[in-house]
Amino acid sequence: MSTHTNALIIFIKNPELGRCKTRLAATVGDEKALEVYKNLLAHTRRVTCDIDVSRYLFYDKNINPNDDWKDSLFIKSVQSNGDLGDRMQNAFDTVLNTHDKVIIIGSDCPELNSSVLDKAFNALEENDLVIGPTHDGGYYLLGMKKASPFLFNEMEWSVDSVFNSTVERIKKENKTYFVLETLSDLDNEDDLKGFPEFG
């Protein structure tokens, strides 16, 4: 798999009761939230297997060698310490050592599909960076060709200004960038109503 010039980083949480989709769990309960998250993981797994790239799966807690993410398709690691920015930067730094174009996604986006991922990699042919905004002000995808620590240092995460703040930083560094279509994250009960198939 390391012969690919394109690489996809996937950040996931270990699917354990009480540890995932906490905003959703606050209203539907831990068991339902875990079920939804497992459905999101299955969707993300299907989508990422539809494109021809190297796939790097970063667990937030520990590697599970016996889960549905096959070792033959996914190179497994554990996220580093620190906030989300630290963890993403470390993952990018690691994977950019052996790949030309690297994209990171999470596992919260029910609208993500392989054509969006293909478009993101294609955008990096002509641009330094690519970003996919979410309706709640964050982003579901970020891609680059060179390490870009300015995107992560001292950023406030989990707020509705993350996308705009990121674009401002890109402009300040005079980098070229491409913005993908805006998609929805599934974070709370209202979001789930829009995607009942994930419940």
# chains A, B, ... in the order shown; residues from 1 in each chain; ligands from 1
>>> residues_around(residues="A:Asn97", least_positions_apart="3", cutoff="10 Å", atoms="only C-alpha atoms", output="ChimeraX atom specification")
/A:92-94,100,146-147
>>> write_last_selection(atoms="N, CA and C atoms", output="PDB file, in the first residue's frame")
ATOM      1  N   PHE A  92      -0.440  14.082  10.062  1.00  0.00           N
ATOM      2  CA  PHE A  92       0.007  14.600   8.767  1.00  0.00           C
ATOM      3  C   PHE A  92       1.522  14.495   8.633  1.00  0.00           C
ATOM      4  N   ASP A  93       2.255  14.916   9.664  1.00  0.00           N
ATOM      5  CA  ASP A  93       3.718  14.875   9.598  1.00  0.00           C
ATOM      6  C   ASP A  93       4.209  13.463   9.313  1.00  0.00           C
ATOM      7  N   THR A  94       3.600  12.486   9.963  1.00  0.00           N
ATOM      8  CA  THR A  94       4.005  11.096   9.782  1.00  0.00           C
ATOM      9  C   THR A  94       3.745  10.614   8.360  1.00  0.00           C
ATOM     10  N   ASP A 100       2.760  12.046  -1.257  1.00  0.00           N
ATOM     11  CA  ASP A 100       2.768  13.400  -1.827  1.00  0.00           C
ATOM     12  C   ASP A 100       1.530  14.203  -1.463  1.00  0.00           C
ATOM     13  N   LYS A 146       2.200  19.578   1.885  1.00  0.00           N
ATOM     14  CA  LYS A 146       3.328  19.847   2.773  1.00  0.00           C
ATOM     15  C   LYS A 146       2.796  20.085   4.181  1.00  0.00           C
ATOM     16  N   ALA A 147       3.593  19.742   5.168  1.00  0.00           N
ATOM     17  CA  ALA A 147       3.197  19.976   6.554  1.00  0.00           C
ATOM     18  C   ALA A 147       2.820  21.442   6.747  1.00  0.00           C
TER      19      ALA A 147
END
>>> residues_around(residues="stretch 120-134 of chain A", least_positions_apart="5", cutoff="9 Å", atoms="only C-alpha atoms", output="list in words")
Asn6, Lys101, Val102, Ile103, Cys109, Ser115, Tyr139, Tyr140, Leu141, Leu142, Gly143, Met144, Lys145, Lys146, Phe163, Val167, Ile170, Lys175, Thr176, Tyr177, Phe178, Val179, Leu180, Glu181, Thr182, Leu183, Ser184 and Asp185 of chain A
>>> atom_distance(atom1="atom CA of A:Asp191", atom2="atom CA of A:Ser80")
29.2 Å
>>> residues_around(residues="A:Ser72", least_positions_apart="2", cutoff="10 Å", atoms="only C-alpha atoms", output="MDAnalysis selection string")
chainID A and resid 1 55 69:70 74:75
>>> residues_around(residues="A:Ile12", least_positions_apart="3", cutoff="7 Å", atoms="only C-alpha atoms", output="ChimeraX atom specification")
/A:58-60,106-107
>>> write_last_selection(atoms="N, CA and C atoms", output="PDB file, in the first residue's frame")
ATOM      1  N   PHE A  58      -6.293   5.970  12.395  1.00  0.00           N
ATOM      2  CA  PHE A  58      -5.770   6.400  13.692  1.00  0.00           C
ATOM      3  C   PHE A  58      -6.868   6.286  14.751  1.00  0.00           C
ATOM      4  N   TYR A  59      -6.711   5.337  15.655  1.00  0.00           N
ATOM      5  CA  TYR A  59      -7.633   5.187  16.788  1.00  0.00           C
ATOM      6  C   TYR A  59      -7.305   6.237  17.854  1.00  0.00           C
ATOM      7  N   ASP A  60      -8.304   6.606  18.634  1.00  0.00           N
ATOM      8  CA  ASP A  60      -8.034   7.595  19.686  1.00  0.00           C
ATOM      9  C   ASP A  60      -7.505   6.949  20.965  1.00  0.00           C
ATOM     10  N   GLY A 106     -12.690  12.548   9.459  1.00  0.00           N
ATOM     11  CA  GLY A 106     -13.153  11.893  10.668  1.00  0.00           C
ATOM     12  C   GLY A 106     -14.147  10.810  10.299  1.00  0.00           C
ATOM     13  N   SER A 107     -15.066  10.542  11.195  1.00  0.00           N
ATOM     14  CA  SER A 107     -16.055   9.483  10.941  1.00  0.00           C
ATOM     15  C   SER A 107     -17.448   9.946  11.346  1.00  0.00           C
TER      16      SER A 107
END
>>> select_by_dssp(residues="chain A", states="helix (DSSP H, G or I)", output="ChimeraX atom specification")
/A:22-28,30-49,84-96,114-126,149-151,162-172,189-194,196-198
>>> closest_atom_pairs(of="stretch 7-27 of chain A", to="stretch 37-46 of chain A", cutoff="8 Å", atoms="only C-alpha atoms", output="CSV")
residue,atom,partner,partner_atom,distance
A:Ile12,CA,A:Leu41,CA,7.9
A:Pro15,CA,A:Lys38,CA,6.7
A:Cys20,CA,A:Tyr37,CA,7.0
A:Lys21,CA,A:Tyr37,CA,6.8
>>> write_last_selection(atoms="C-alpha atoms", output="CSV table (one decimal), in the first residue's frame")
chain,number,residue,atom,x,y,z
A,12,ILE,CA,-11.9,7.4,14.7
A,15,PRO,CA,-16.4,2.4,19.6
A,20,CYS,CA,-18.5,8.3,21.5
A,21,LYS,CA,-21.1,10.8,20.2
>>> residues_around(residues="A:Glu156", least_positions_apart="5", cutoff="12 Å", atoms="only C-alpha atoms", output="ChimeraX atom specification")
/A:83-86,138,151,161-166
>>> write_last_selection(atoms="C-alpha atoms", output="mmCIF file, in the first residue's frame")
data_model
loop_
_atom_site.group_PDB
_atom_site.id
_atom_site.type_symbol
_atom_site.label_atom_id
_atom_site.label_comp_id
_atom_site.auth_asym_id
_atom_site.auth_seq_id
_atom_site.Cartn_x
_atom_site.Cartn_y
_atom_site.Cartn_z
ATOM 1 C CA ASP A 83 -5.592 18.512 21.448
ATOM 2 C CA LEU A 84 -7.195 17.786 18.091
ATOM 3 C CA GLY A 85 -4.767 20.110 16.322
ATOM 4 C CA ASP A 86 -1.724 18.415 17.830
ATOM 5 C CA GLY A 138 -16.313 23.060 11.124
ATOM 6 C CA LEU A 151 -3.401 25.368 10.566
ATOM 7 C CA SER A 161 -15.719 29.314 13.631
ATOM 8 C CA VAL A 162 -13.220 26.532 12.871
ATOM 9 C CA PHE A 163 -13.714 26.580 9.099
ATOM 10 C CA ASN A 164 -13.556 30.373 8.812
ATOM 11 C CA SER A 165 -10.536 30.576 11.113
ATOM 12 C CA THR A 166 -8.761 27.915 9.058
#
>>> closest_residue(among="A:Asn66, A:Ile9, A:Pro196, A:Arg23", to="A:Pro110", atoms="only C-alpha atoms")
A:Pro196
>>> residues_around(residues="A:Lys76", least_positions_apart="3", cutoff="7 Å", atoms="only C-alpha atoms", output="PyMOL selection string")
chain A and resi 56-58+63
>>> select_by_dssp(residues="stretch 22-185 of chain A", states="strand (DSSP E or B)", output="VMD selection string")
chain A and resid 54 to 59 75 to 78 101 to 105 129 to 134 139 to 144 177 to 179 183
>>> decode(residues="stretch 136-150 of chain A", atoms="N, CA and C atoms", output="CSV table (one decimal), in the first residue's frame")
chain,number,residue,atom,x,y,z
A,136,ASP,N,-22.2,23.1,10.3
A,136,ASP,CA,-22.1,23.7,11.7
A,136,ASP,C,-20.8,24.5,11.9
A,137,GLY,N,-20.1,24.8,10.8
A,137,GLY,CA,-19.0,25.7,10.9
A,137,GLY,C,-17.6,25.1,11.0
A,138,GLY,N,-17.6,23.8,11.1
A,138,GLY,CA,-16.3,23.1,11.1
A,138,GLY,C,-15.9,22.6,9.7
A,139,TYR,N,-15.1,21.5,9.7
A,139,TYR,CA,-14.8,20.9,8.4
A,139,TYR,C,-14.7,19.4,8.6
A,140,TYR,N,-15.1,18.7,7.5
A,140,TYR,CA,-15.1,17.2,7.5
A,140,TYR,C,-13.9,16.7,6.8
A,141,LEU,N,-13.1,17.5,6.2
A,141,LEU,CA,-11.9,17.0,5.4
A,141,LEU,C,-10.9,18.2,5.3
A,142,LEU,N,-9.7,17.8,5.4
A,142,LEU,CA,-8.6,18.7,5.2
A,142,LEU,C,-7.5,18.0,4.4
A,143,GLY,N,-6.9,18.6,3.4
A,143,GLY,CA,-5.8,17.9,2.7
A,143,GLY,C,-4.7,18.9,2.3
A,144,MET,N,-3.5,18.3,2.2
A,144,MET,CA,-2.3,19.1,1.9
A,144,MET,C,-1.2,18.3,1.3
A,145,LYS,N,-0.2,19.0,0.8
A,145,LYS,CA,1.0,18.4,0.2
A,145,LYS,C,2.2,18.6,1.0
A,146,LYS,N,2.2,19.6,1.9
A,146,LYS,CA,3.3,19.8,2.8
A,146,LYS,C,2.8,20.1,4.2
A,147,ALA,N,3.6,19.7,5.2
A,147,ALA,CA,3.2,20.0,6.6
A,147,ALA,C,2.8,21.4,6.7
A,148,SER,N,1.7,21.7,7.4
A,148,SER,CA,1.2,23.0,7.6
A,148,SER,C,0.8,23.3,9.0
A,149,PRO,N,1.8,23.4,9.9
A,149,PRO,CA,1.5,23.6,11.4
A,149,PRO,C,0.7,24.8,11.7
A,150,PHE,N,0.7,25.8,10.8
A,150,PHE,CA,0.0,27.0,11.0
A,150,PHE,C,-1.5,26.8,11.1
